[in-house]
file final.txt (compact mmCIF, C-alpha atoms)
# COMPACT_ATOMS: atom_id res chain seq x y z
CA MET W 1 0.00 0.00 0.00
CA ARG W 2 2.79 2.41 0.84
CA LEU W 3 4.47 1.94 -2.55
CA LEU W 4 1.14 2.40 -4.34
CA ALA W 5 0.41 5.57 -2.36
CA GLU W 6 3.88 6.96 -3.14
CA GLU W 7 3.44 6.23 -6.85
CA ALA W 8 -0.01 7.85 -6.96
CA ILE W 9 1.36 10.97 -5.27
CA THR W 10 4.00 11.35 -8.01
CA TYR W 11 1.14 12.22 -10.42
CA LEU W 12 0.21 15.32 -8.43
CA PRO W 13 1.35 18.66 -9.89
CA SER W 14 4.83 19.89 -9.07
CA THR W 15 6.95 22.95 -9.65
CA PRO W 16 10.60 23.10 -10.71
CA LEU W 17 13.11 23.53 -7.92
CA SER W 18 16.88 23.99 -8.18
CA ILE W 19 19.10 23.28 -5.22
CA THR W 20 22.78 23.13 -4.48
CA THR W 21 23.79 19.78 -3.06
CA PRO W 22 26.32 19.32 -0.23
CA THR W 23 28.96 18.73 -2.94
CA ASN W 24 28.28 22.21 -4.41
CA SER W 25 26.58 20.70 -7.46
CA LYS W 26 23.41 22.16 -8.86
CA TYR W 27 20.45 19.82 -9.05
CA ASP W 28 17.23 20.63 -10.93
CA GLY W 29 14.27 18.73 -9.52
CA GLN W 30 10.58 19.05 -8.74
CA LEU W 31 8.68 20.00 -5.59
CA SER W 32 5.24 18.42 -5.24
CA ILE W 33 2.16 20.28 -4.08
CA ALA W 34 2.04 17.58 -1.40
CA ASP W 35 4.97 19.49 0.13
CA THR W 36 4.01 23.05 -0.75
CA ASN W 37 0.21 23.00 -0.44
CA PRO W 38 -1.25 19.85 1.17
CA ASP W 39 -4.58 21.69 1.62
CA SER W 40 -5.03 21.48 -2.16
CA ILE W 41 -5.20 17.67 -1.99
CA CYS W 42 -7.99 15.44 -0.76
CA ALA W 43 -7.77 11.68 -0.39
CA VAL W 44 -11.20 10.10 -0.83
CA SER W 45 -11.78 6.59 0.40
CA ILE W 46 -14.44 4.32 -1.03
CA VAL W 47 -15.40 2.83 2.32
CA ARG W 48 -14.55 0.26 3.63
CA ALA W 49 -11.72 -1.34 1.68
CA GLY W 50 -10.45 2.04 0.50
CA ASP W 51 -9.58 2.91 4.09
CA SER W 52 -6.66 0.47 3.91
CA LEU W 53 -5.01 2.56 1.19
CA LEU W 54 -6.08 5.85 2.76
CA GLU W 55 -3.92 5.03 5.80
CA SER W 56 -0.81 4.87 3.60
CA VAL W 57 -1.63 8.12 1.80
CA ARG W 58 -2.09 9.88 5.15
CA GLU W 59 1.27 8.57 6.41
CA ILE W 60 2.95 10.33 3.49
CA ILE W 61 0.84 13.53 3.54
CA PRO W 62 -0.42 13.77 7.13
CA GLY W 63 -2.09 17.16 6.68
CA LEU W 64 -4.21 16.37 3.65
CA ARG W 65 -7.97 16.51 3.74
CA VAL W 66 -9.99 13.30 3.76
CA GLY W 67 -13.34 12.44 2.25
CA LYS W 68 -15.42 9.28 2.43
CA ILE W 69 -17.90 7.77 0.01
CA TRP W 70 -19.83 4.74 1.26
CA ILE W 71 -20.47 2.37 -1.63
CA GLN W 72 -21.11 -1.33 -1.43
CA ARG W 73 -21.87 -3.80 -4.16
CA ASN W 74 -25.18 -5.57 -3.99
CA GLU W 75 -24.06 -9.17 -3.44
CA SER W 76 -27.60 -10.53 -3.79
CA SER W 77 -27.99 -9.37 -7.39
CA LYS W 78 -26.59 -11.03 -10.48
CA THR W 79 -24.96 -7.81 -11.77
CA LYS W 80 -23.48 -6.85 -8.35
CA GLU W 81 -24.38 -3.18 -8.95
CA ALA W 82 -22.97 -0.48 -6.71
CA VAL W 83 -25.19 0.88 -3.93
CA HIS W 84 -24.30 4.34 -2.61
CA SER W 85 -25.17 5.01 1.04
CA SER W 86 -23.53 8.25 2.09
CA THR W 87 -20.92 10.85 1.20
CA LYS W 88 -18.82 13.17 3.37
CA LEU W 89 -16.43 15.43 1.45
CA PRO W 90 -14.75 18.79 2.11
CA LYS W 91 -16.95 21.70 0.96
CA ASP W 92 -14.29 23.04 -1.42
CA ILE W 93 -13.33 19.68 -2.95
CA LYS W 94 -14.04 21.00 -6.46
CA ASN W 95 -10.87 23.11 -6.11
CA GLN W 96 -8.67 20.21 -5.00
CA HIS W 97 -6.67 17.39 -6.50
CA VAL W 98 -8.24 14.08 -5.47
CA ILE W 99 -6.60 10.74 -4.79
CA LEU W 100 -9.44 8.22 -4.93
CA CYS W 101 -8.58 5.16 -2.83
CA ASP W 102 -10.05 1.70 -3.44
CA PRO W 103 -7.84 -1.39 -3.65
CA MET W 104 -9.93 -3.30 -6.20
CA LEU W 105 -11.22 -2.35 -9.65
CA ALA W 106 -13.39 -5.24 -10.83
CA THR W 107 -16.50 -4.26 -12.82
CA GLY W 108 -15.95 -0.55 -12.27
CA GLY W 109 -19.38 -0.11 -10.68
CA SER W 110 -18.21 1.32 -7.36
CA SER W 111 -15.47 3.37 -8.99
CA ILE W 112 -17.78 4.91 -11.58
CA THR W 113 -20.36 5.66 -8.88
CA ALA W 114 -17.71 7.43 -6.78
CA LEU W 115 -16.39 9.31 -9.80
CA ARG W 116 -19.90 10.46 -10.76
CA ILE W 117 -20.39 11.80 -7.25
CA LEU W 118 -17.05 13.64 -7.34
CA VAL W 119 -17.46 15.03 -10.86
CA ASN W 120 -21.21 15.49 -11.34
CA GLU W 121 -22.33 16.37 -7.81
CA TYR W 122 -19.25 18.12 -6.40
CA GLY W 123 -17.71 19.59 -9.56
CA VAL W 124 -14.25 17.99 -9.35
CA ASP W 125 -12.33 18.26 -12.62
CA PRO W 126 -11.75 14.64 -13.81
CA SER W 127 -8.20 15.53 -14.89
CA LYS W 128 -7.45 16.32 -11.22
CA ILE W 129 -8.42 12.81 -10.05
CA ILE W 130 -5.90 10.03 -9.49
CA PHE W 131 -7.54 6.67 -8.82
CA ALA W 132 -5.21 4.35 -6.91
CA ASN W 133 -5.91 0.63 -6.60
CA VAL W 134 -3.95 -2.56 -5.95
CA ILE W 135 -5.54 -4.98 -8.40
CA SER W 136 -7.66 -4.27 -11.45
CA CYS W 137 -8.85 -6.12 -14.54
CA GLU W 138 -9.47 -5.06 -18.12
CA ASP W 139 -13.28 -5.03 -17.68
CA GLY W 140 -13.10 -2.45 -14.91
CA LEU W 141 -10.40 -0.36 -16.56
CA GLU W 142 -12.37 -0.19 -19.82
CA ALA W 143 -15.60 0.73 -18.01
CA VAL W 144 -13.95 3.52 -16.01
CA PHE W 145 -12.04 4.99 -18.96
CA LYS W 146 -15.13 4.82 -21.18
CA THR W 147 -17.02 6.97 -18.66
CA PHE W 148 -14.12 9.12 -17.37
CA PRO W 149 -11.31 9.16 -19.95
CA ASP W 150 -9.47 12.06 -18.29
CA ILE W 151 -8.73 10.51 -14.88
CA LYS W 152 -5.42 8.86 -14.07
CA ILE W 153 -5.42 5.30 -12.76
CA VAL W 154 -2.45 3.93 -10.84
CA THR W 155 -2.71 0.18 -10.31
CA CYS W 156 -0.19 -2.39 -9.12
CA PHE W 157 -1.44 -5.30 -11.18
CA ILE W 158 -3.95 -6.16 -13.89
CA ASP W 159 -5.46 -9.61 -13.29
CA ASP W 160 -7.00 -11.93 -15.89
CA GLY W 161 -10.69 -11.02 -15.65
CA LEU W 162 -13.90 -11.61 -13.72
CA ASN W 163 -15.64 -14.81 -12.64
CA GLU W 164 -19.41 -15.38 -12.66
CA ASP W 165 -19.69 -13.65 -9.25
CA LYS W 166 -17.90 -10.55 -10.64
CA PHE W 167 -14.78 -11.13 -8.53
CA ILE W 168 -11.37 -10.48 -10.10
CA MET W 169 -9.61 -13.74 -11.05
CA PRO W 170 -7.35 -15.05 -9.78
CA GLY W 171 -7.71 -12.04 -7.45
CA LEU W 172 -7.93 -12.29 -3.69
CA GLY W 173 -11.61 -12.16 -2.81
CA ASP W 174 -13.17 -9.37 -0.74
CA TYR W 175 -10.26 -7.04 0.00
CA GLY W 176 -11.98 -5.27 2.90
CA ASP W 177 -12.73 -8.58 4.63
CA ARG W 178 -9.16 -9.76 4.17
CA PHE W 179 -7.52 -6.50 5.29
CA PHE W 180 -9.78 -5.93 8.30
CA ASN W 181 -9.92 -9.67 9.18
CA THR W 182 -13.69 -9.95 9.03
CA VAL W 183 -13.83 -13.06 6.81

call {"tool": "encode", "arguments": {"input": "final.txt", "output": "structure tokens"}}
result
Amino acid sequence: MRLLAEEAITYLPSTPLSITTPTNSKYDGQLSIADTNPDSICAVSIVRAGDSLLESVREIIPGLRVGKIWIQRNESSKTKEAVHSSTKLPKDIKNQHVILCDPMLATGGSSITALRILVNEYGVDPSKIIFANVISCEDGLEAVFKTFPDIKIVTCFIDDGLNEDKFIMPGLGDYGDRFFNTV
């Protein structure tokens, strides 16, 4: 999670910075807004599994704002559609860069629901959204990019596909249950 969080943060805007090293050499680098303006960043967790990744993002940028979107897939239906329960976001989120945290991208249902809330209801610019997840599959990636082609997705691995229960295969099952030991 820490490596994924660090990689996602590298996609935030930065400004050029030149320094002189201890060896009196000039080095031209970049300074991230995570260092210069953490108030311009909001990490949004798709509760509950997204909280596992949110912890790592907050370790790196302790002062950033946090939002929560409660979405759960309907396990009793054949399509496993996303069901939105509640949202709590900073009032000025439309002016911020957003790191959307959810470790799994299977069908894209929960992700697209969260993105619609951020973009359509709260006015977040899709090009300012970085969606970080551990494991995805082509079905979910295609669905998200078809609906929101301007977001950035940072994923650790792309698995083979989905089974009949809409779980990523070979995958690892329900990530929230595994991470929070509620299996």

call {"tool": "closest_atom_pairs", "arguments": {"input": "final.txt", "of": "segment 102-166 of chain W", "to": "segment 62-68 of chain W", "cutoff": "12 Å", "atoms": "only C-alpha atoms", "output": "Markdown table"}}
result
| residue | atom | partner | partner_atom | distance |
| --- | --- | --- | --- | --- |
| W:Asp102 | CA | W:Lys68 | CA | 11.0 |
| W:Ala114 | CA | W:Lys68 | CA | 9.7 |
| W:Ile117 | CA | W:Lys68 | CA | 11.2 |
| W:Leu118 | CA | W:Gly67 | CA | 10.4 |
| W:Tyr122 | CA | W:Gly67 | CA | 11.9 |

call {"tool": "residues_around", "arguments": {"input": "final.txt", "residues": "Gln72 of chain W", "least_positions_apart": "5", "cutoff": "12 Å", "atoms": "all atoms listed in the file", "output": "ChimeraX atom specification"}}
result
/W:46-50,80-86,102,109-111,113-114,174,176

call {"tool": "residues_near_point", "arguments": {"input": "final.txt", "point": "(-16.6, 11.5, 0.4)", "cutoff": "6 Å", "atoms": "only C-alpha atoms", "output": "VMD selection string"}}
result
chain W and resid 44 67 to 69 87 to 89

call {"tool": "closest_residue", "arguments": {"input": "final.txt", "among": "W:Asn24, W:Thr182, W:Ser32, W:Ser18", "to": "Ile61 of chain W", "atoms": "all atoms listed in the file"}}
result
W:Ser32

call {"tool": "atom_distance", "arguments": {"input": "final.txt", "atom1": "atom CA of Lys78 of chain W", "atom2": "atom CA of Met104 of chain W"}}
result
18.9 Å

call {"tool": "axis_aligned_box", "arguments": {"input": "final.txt", "around": "segment 79-90 of chain W", "padding_each_side": "6 Å", "output": "AutoDock Vina command-line options"}}
result
--center_x -20.0 --center_y 5.5 --center_z -4.2 --size_x 22.4 --size_y 38.6 --size_z 27.1

call {"tool": "residues_around", "arguments": {"input": "final.txt", "residues": "Ile151 of chain W", "least_positions_apart": "2", "cutoff": "12 Å", "atoms": "only C-alpha atoms", "output": "JSON, numbers by chain"}}
result
{"W": [11, 97, 98, 99, 100, 111, 112, 115, 116, 118, 119, 124, 125, 126, 127, 128, 129, 130, 131, 132, 141, 144, 145, 146, 147, 148, 149, 153, 154]}

call {"tool": "closest_residue", "arguments": {"input": "final.txt", "among": "W:Ala34, W:Leu105, W:Leu3, W:Leu17", "to": "Ala143 of chain W", "atoms": "all atoms listed in the file"}}
result
W:Leu105

call {"tool": "closest_residue", "arguments": {"input": "final.txt", "among": "W:Asp177, W:Gly108, W:Thr155, W:Gly140", "to": "Glu6 of chain W", "atoms": "only C-alpha atoms"}}
result
W:Thr155

call {"tool": "closest_residue", "arguments": {"input": "final.txt", "among": "W:Cys156, W:Met169, W:Ile19, W:Val57", "to": "Cys101 of chain W", "atoms": "only C-alpha atoms"}}
result
W:Val57

call {"tool": "residues_around", "arguments": {"input": "final.txt", "residues": "Gly161 of chain W", "least_positions_apart": "6", "cutoff": "10 Å", "atoms": "all atoms listed in the file", "output": "list in words"}}
result
Ala106, Thr107, Ser136, Cys137, Glu138, Asp139, Gly140, Phe167, Ile168, Met169, Pro170 and Gly171 of chain W

call {"tool": "closest_residue", "arguments": {"input": "final.txt", "among": "W:Ser52, W:Gln30, W:Ser76, W:Lys91", "to": "Asn181 of chain W", "atoms": "all atoms listed in the file"}}
result
W:Ser52

call {"tool": "closest_residue", "arguments": {"input": "final.txt", "among": "W:Ile158, W:Ile135, W:Ser25, W:Pro13", "to": "Leu172 of chain W", "atoms": "all atoms listed in the file"}}
result
W:Ile135

call {"tool": "atom_distance", "arguments": {"input": "final.txt", "atom1": "atom CA of Glu7 of chain W", "atom2": "atom CA of Arg58 of chain W"}}
result
13.7 Å

call {"tool": "atom_distance", "arguments": {"input": "final.txt", "atom1": "atom CA of Pro16 of chain W", "atom2": "atom CA of Asp28 of chain W"}}
result
7.1 Å
